[in-house]
>>> print(open('model.cif').read())   # mmCIF, C-alpha atoms
data_coords
loop_
_atom_site.label_atom_id
_atom_site.label_comp_id
_atom_site.auth_asym_id
_atom_site.auth_seq_id
_atom_site.Cartn_x
_atom_site.Cartn_y
_atom_site.Cartn_z
CA MET U 1 1.46 20.44 2.42
CA SER U 2 3.26 17.06 2.38
CA TYR U 3 5.91 18.44 4.73
CA ILE U 4 3.22 19.59 7.17
CA SER U 5 1.68 16.12 6.94
CA ALA U 6 5.06 14.53 7.76
CA LEU U 7 5.40 16.86 10.77
CA PHE U 8 1.97 15.89 12.07
CA LEU U 9 2.67 12.19 11.51
CA ILE U 10 5.85 12.50 13.58
CA GLY U 11 3.78 14.22 16.27
CA PHE U 12 1.30 11.34 16.16
CA THR U 13 4.05 8.76 16.77
CA ILE U 14 5.25 10.79 19.78
CA LEU U 15 1.68 10.99 21.10
CA VAL U 16 1.27 7.20 20.87
CA HIS U 17 4.58 6.82 22.73
CA GLU U 18 3.37 9.12 25.51
CA PHE U 19 0.02 7.33 25.65
CA GLY U 20 1.98 4.13 26.27
CA HIS U 21 3.57 5.77 29.33
CA PHE U 22 0.13 6.97 30.45
CA LEU U 23 -1.55 3.58 30.04
CA ALA U 24 1.28 1.75 31.80
CA ALA U 25 1.13 4.24 34.69
CA ARG U 26 -2.61 3.68 35.05
CA ILE U 27 -2.14 -0.10 35.01
CA VAL U 28 0.27 0.06 37.99
CA ASN U 29 -1.76 2.77 39.75
CA ILE U 30 0.75 5.60 39.44
CA PRO U 31 -1.40 8.77 39.69
CA ILE U 32 -1.29 11.04 36.64
CA LYS U 33 -1.88 14.75 37.08
CA THR U 34 -1.99 15.74 33.39
CA PHE U 35 -2.21 13.98 30.05
CA SER U 36 -1.89 16.46 27.20
CA VAL U 37 -2.34 16.06 23.48
CA GLY U 38 0.10 18.66 22.19
CA PHE U 39 2.17 21.27 24.01
CA GLY U 40 1.72 24.84 25.16
CA PRO U 41 -1.40 26.59 26.48
CA ALA U 42 -4.48 24.40 26.86
CA LEU U 43 -7.21 24.95 24.27
CA TRP U 44 -9.51 22.50 26.05
CA LYS U 45 -9.22 20.61 29.32
CA LYS U 46 -11.39 18.37 31.43
CA GLN U 47 -10.84 16.90 34.87
CA LEU U 48 -11.72 13.21 35.14
CA GLY U 49 -10.92 11.82 38.56
CA LYS U 50 -7.42 12.94 39.52
CA THR U 51 -6.28 13.43 35.91
CA GLU U 52 -6.66 16.55 33.80
CA TYR U 53 -6.95 15.78 30.08
CA ARG U 54 -5.86 18.55 27.72
CA ILE U 55 -5.76 19.46 24.07
CA SER U 56 -3.00 22.03 23.76
CA LEU U 57 -2.09 24.70 21.25
CA ILE U 58 0.91 23.08 19.54
CA PRO U 59 -0.34 19.79 18.05
CA MET U 60 3.01 17.97 18.14
CA GLY U 61 3.04 14.87 20.31
CA GLY U 62 2.01 15.23 23.93
CA TYR U 63 3.17 14.59 27.47
CA VAL U 64 2.34 12.77 30.70
CA LEU U 65 2.80 14.48 34.07
CA PRO U 66 2.69 12.20 37.15
CA ASP U 67 0.83 13.53 40.19
CA ILE U 68 3.86 13.93 42.48
CA GLU U 69 5.09 16.83 44.56
CA ASP U 70 8.83 16.43 44.13
CA GLU U 71 11.66 14.06 43.20
CA ASN U 72 11.64 12.40 46.63
CA GLN U 73 8.00 11.41 46.22
CA PHE U 74 8.76 9.98 42.76
CA PHE U 75 11.54 7.77 44.14
CA LYS U 76 9.16 6.47 46.80
CA ILE U 77 7.17 4.80 44.01
CA PRO U 78 8.22 1.11 43.89
CA ILE U 79 10.99 0.44 41.37
CA ALA U 80 8.95 -2.16 39.48
CA LYS U 81 6.12 0.33 38.94
CA ARG U 82 8.51 3.01 37.68
CA ILE U 83 10.07 0.53 35.26
CA ILE U 84 6.66 -0.51 33.92
CA MET U 85 5.58 3.11 33.42
CA THR U 86 8.85 3.93 31.65
CA ALA U 87 8.72 0.83 29.45
CA GLY U 88 5.15 1.63 28.39
CA GLY U 89 6.33 4.23 25.87
CA PRO U 90 8.76 2.02 23.92
CA ILE U 91 6.25 -0.86 24.00
CA ALA U 92 3.56 1.36 22.45
CA SER U 93 6.06 2.60 19.85
CA ALA U 94 6.97 -1.02 19.02
CA LEU U 95 3.33 -2.06 18.61
CA LEU U 96 2.23 0.87 16.43
CA PRO U 97 4.17 -0.34 13.33
CA ALA U 98 2.38 -3.69 13.50
CA PHE U 99 -1.00 -1.93 13.50
CA CYS U 100 0.07 0.27 10.58
CA LEU U 101 1.29 -2.71 8.56
CA ALA U 102 -1.91 -4.62 9.35
CA ALA U 103 -3.96 -1.65 8.14
CA ILE U 104 -1.92 -1.50 4.92
CA SER U 105 -2.49 -5.22 4.33
CA TRP U 106 -6.24 -4.88 4.95
CA TYR U 107 -6.42 -1.82 2.67
CA THR U 108 -4.48 -3.39 -0.21
CA VAL U 109 -5.43 -7.09 -0.23
CA GLY U 110 -8.36 -7.37 2.18
CA PHE U 111 -8.73 -9.24 5.44
CA SER U 112 -6.87 -12.48 6.10
CA PHE U 113 -5.69 -14.06 9.35
CA ILE U 114 -2.05 -14.22 8.21
CA GLY U 115 -2.12 -10.77 6.60
CA ILE U 116 -3.58 -9.05 9.68
CA LEU U 117 -2.35 -11.04 12.67
CA ILE U 118 0.90 -12.74 11.60
CA ASN U 119 2.77 -10.93 8.83
CA PRO U 120 2.58 -7.42 10.37
CA PHE U 121 4.34 -8.62 13.53
CA LEU U 122 6.96 -10.52 11.53
CA LYS U 123 7.61 -7.43 9.40
CA THR U 124 7.78 -5.28 12.54
CA TRP U 125 10.38 -7.64 14.02
CA PHE U 126 12.39 -7.49 10.79
CA LEU U 127 12.18 -3.67 10.77
CA ALA U 128 13.40 -3.53 14.38
CA HIS U 129 16.28 -5.89 13.56
CA GLN U 130 17.33 -3.73 10.60
CA MET U 131 17.30 -0.54 12.68
CA ILE U 132 19.24 -2.09 15.56
CA ALA U 133 21.83 -3.43 13.11
CA SER U 134 22.25 0.04 11.60
CA ILE U 135 23.07 1.78 14.92
CA PRO U 136 26.85 1.05 14.78
CA LEU U 137 26.93 2.49 11.25
CA LEU U 138 25.50 5.78 12.53
CA PHE U 139 28.31 6.14 15.06
CA SER U 140 30.98 5.21 12.53
CA ASN U 141 29.43 7.44 9.85
CA PRO U 142 27.86 10.40 11.72
CA GLU U 143 27.32 12.27 8.46
CA HIS U 144 24.43 9.88 7.82
CA LEU U 145 22.59 11.11 10.91
CA SER U 146 19.50 13.18 10.21
CA GLY U 147 17.60 15.54 12.50
CA ILE U 148 14.06 16.83 12.47
CA VAL U 149 14.70 19.08 9.44
CA GLY U 150 15.99 16.20 7.35
CA ILE U 151 13.31 13.79 8.55
CA VAL U 152 10.49 16.21 7.72
CA ALA U 153 12.01 17.09 4.33
CA GLN U 154 12.59 13.48 3.31
CA GLY U 155 9.38 12.29 4.96
CA GLY U 156 7.31 14.89 3.13
CA THR U 157 8.77 13.78 -0.18
CA PHE U 158 8.18 10.11 0.67
CA VAL U 159 4.62 10.51 1.98
CA GLY U 160 3.25 12.85 -0.69
CA SER U 161 -0.51 12.35 -0.74
CA SER U 162 -0.46 8.56 -0.37
CA PRO U 163 -2.26 7.13 2.70
CA ILE U 164 -0.27 3.89 2.37
CA ARG U 165 3.04 5.74 2.41
CA ALA U 166 1.78 7.80 5.36
CA MET U 167 1.23 4.58 7.33
CA GLN U 168 4.62 3.24 6.23
CA PHE U 169 6.23 6.49 7.40
CA VAL U 170 4.48 6.25 10.79
CA ALA U 171 5.65 2.63 11.12
CA MET U 172 9.26 3.59 10.42
CA MET U 173 9.22 6.67 12.67
CA SER U 174 7.55 4.78 15.52
CA MET U 175 10.06 1.94 15.43
CA ASN U 176 12.88 4.46 15.20
CA LEU U 177 11.47 6.22 18.28
CA CYS U 178 11.30 2.88 20.10
CA ILE U 179 14.88 1.86 19.25
CA MET U 180 16.34 5.27 20.07
CA ASN U 181 14.47 5.41 23.39
CA ILE U 182 15.75 2.07 24.64
CA LEU U 183 19.39 3.09 24.21
CA PRO U 184 21.14 3.13 27.63
CA ILE U 185 21.39 6.93 27.79
CA PRO U 186 20.10 8.25 31.16
CA ALA U 187 17.78 10.87 29.67
CA LEU U 188 16.05 8.22 27.54
CA ASP U 189 13.70 5.45 28.65
CA GLY U 190 16.36 2.74 28.40
CA GLY U 191 18.76 4.73 30.55
CA LYS U 192 16.04 5.50 33.10
CA ILE U 193 15.22 1.80 33.44
CA LEU U 194 18.90 0.98 34.02
CA LEU U 195 19.09 3.67 36.71
CA PHE U 196 15.95 2.35 38.38
CA MET U 197 17.44 -1.15 38.36
CA SER U 198 20.68 0.16 39.87
CA GLU U 199 18.71 1.12 42.98
CA LYS U 200 18.27 -2.61 43.59
CA ILE U 201 22.04 -2.89 43.94
CA HIS U 202 22.18 -0.09 46.49
CA PRO U 203 19.60 2.60 47.34
CA SER U 204 22.30 5.30 47.35
CA PHE U 205 22.52 4.95 43.57
CA VAL U 206 19.42 7.15 43.43
CA ARG U 207 21.85 10.06 43.74
CA LEU U 208 23.18 9.25 40.28
CA HIS U 209 19.87 10.02 38.57
CA LEU U 210 20.18 13.80 38.42
CA PRO U 211 23.83 14.19 37.28
CA LEU U 212 23.59 11.35 34.75
CA SER U 213 20.26 12.64 33.41
CA ILE U 214 21.75 16.12 32.97
CA ALA U 215 24.72 14.58 31.14
CA GLY U 216 22.32 12.60 28.96
CA TRP U 217 20.31 15.70 28.06
CA VAL U 218 23.48 17.61 27.22
CA LEU U 219 24.49 14.77 24.88
CA ILE U 220 21.04 14.67 23.26
CA MET U 221 20.84 18.46 22.84
CA GLY U 222 24.34 18.52 21.36
CA LEU U 223 23.42 15.75 18.93
CA THR U 224 20.18 17.56 18.05
CA VAL U 225 22.01 20.80 17.26
CA TYR U 226 24.59 18.88 15.21
CA THR U 227 21.97 17.07 13.11
CA VAL U 228 19.93 20.25 12.53
CA VAL U 229 23.03 22.16 11.36
CA MET U 230 24.06 19.27 9.10
CA ASP U 231 20.52 19.06 7.67
CA VAL U 232 20.43 22.80 6.94
CA LEU U 233 23.84 22.70 5.27
CA LYS U 234 22.85 19.62 3.30
CA PHE U 235 19.56 21.03 1.97
CA ALA U 236 20.99 24.52 1.43
CA ALA U 237 23.77 23.16 -0.77
#
>>> encode(input="model.cif", output="structure tokens")
Amino acid sequence: MSYISALFLIGFTILVHEFGHFLAARIVNIPIKTFSVGFGPALWKKQLGKTEYRISLIPMGGYVLPDIEDENQFFKIPIAKRIIMTAGGPIASALLPAFCLAAISWYTVGFSFIGILINPFLKTWFLAHQMIASIPLLFSNPEHLSGIVGIVAQGGTFVGSSPIRAMQFVAMMSMNLCIMNILPIPALDGGKILLFMSEKIHPSFVRLHLPLSIAGWVLIMGLTVYTVVMDVLKFAA
């Protein structure tokens, strides 16, 4: 059961990330067609204004679908608004660890101004710094990379039945999601923001979005397959 819990906790961090995109889009008035909790066929849905809210069959994360007809309509949205919507996900993922750490502090030692409003943000900053500093080590030692199989296996062992460890796990996974997403790879949020900014240099750079995004997805899928195979070999040994 602990492994299932780890899987759902990972899904929760993804959902918070997607909610960040959704909230940022609403703030800058980008219309949203669908906001789904989970993937797959809808188990429940309700139309509120122009947005359809769903609870879907596979309870892993979620997604945001802007209300646009095609790519051309998307690129007609002002660059600043697209950047804000894209940045909303990493910002939400960066804030979630602070809330988790604040909850842990409240649960373990009770309420205090420093324990709830100061220390959690300092610890979140320290966690982010540690993860950013470790990125070069991952490229120089790719055998240390871990995919979803390894994360769930190790996360399940770490979490067990402890609510405190569950919140610590969410904090680590959320910050990891934030850091990975701001890398300048076109398929990720950081890469998308760089591509949006390149349009300021010259509008014709919009043509680079599709080929670079495809290249980014190929890189990500290749890395995903590599980490899954390495995880299976590692845990099968």
>>> resolve_selection(input="model.cif", expression="the PyMOL selection byres ((chain U and resi 38) around 12)", output="PyMOL selection string")
chain U and resi 8+11-16+18-19+34-37+39-45+53-64
>>> closest_residue(input="model.cif", among="U:Thr224, U:Ile104, U:Lys33, U:Lys81", to="Ala166 of chain U", atoms="all atoms listed in the file")
U:Ile104
>>> atom_distance(input="model.cif", atom1="atom CA of Ala6 of chain U", atom2="atom CA of Pro97 of chain U")
15.9 Å
>>> atom_distance(input="model.cif", atom1="atom CA of Ala187 of chain U", atom2="atom CA of Asn72 of chain U")
18.1 Å
>>> residues_around(input="model.cif", residues="segment 190-196 of chain U", least_positions_apart="4", cutoff="10 Å", atoms="all atoms listed in the file", output="NGL selection string")
:U and (75 or 78-80 or 82-87 or 90 or 178-186 or 200-201 or 203 or 205-209 or 212-213 or 216)
>>> atom_distance(input="model.cif", atom1="atom CA of Gln73 of chain U", atom2="atom CA of Leu219 of chain U")
27.2 Å
>>> closest_residue(input="model.cif", among="U:Met197, U:Met131, U:Met167, U:Leu223", to="Leu9 of chain U", atoms="all atoms listed in the file")
U:Met167
>>> axis_aligned_box(input="model.cif", around="segment 16-35 of chain U", padding_each_side="8 Å", output="AutoDock Vina command-line options")
--center_x 1.0 --center_y 7.8 --center_z 30.3 --size_x 23.2 --size_y 31.8 --size_z 34.9
>>> closest_residue(input="model.cif", among="U:Ala171, U:Ala24, U:Leu101, U:Leu177", to="Ile132 of chain U", atoms="only C-alpha atoms")
U:Leu177
>>> closest_residue(input="model.cif", among="U:Leu23, U:Ile91, U:Leu127, U:Met221", to="Asp189 of chain U", atoms="all atoms listed in the file")
U:Ile91
>>> closest_residue(input="model.cif", among="U:Ala102, U:Leu48, U:Ala92, U:Ile214", to="His21 of chain U", atoms="only C-alpha atoms")
U:Ala92
>>> resolve_selection(input="model.cif", expression="the PyMOL selection byres ((chain U and resi 99) around 12)", output="MDAnalysis selection string")
chainID U and resid 16 92:98 100:106 115:124 167:168 170:171 174:175
>>> closest_residue(input="model.cif", among="U:Arg165, U:His129, U:Arg26, U:Lys46", to="Pro66 of chain U", atoms="only C-alpha atoms")
U:Arg26
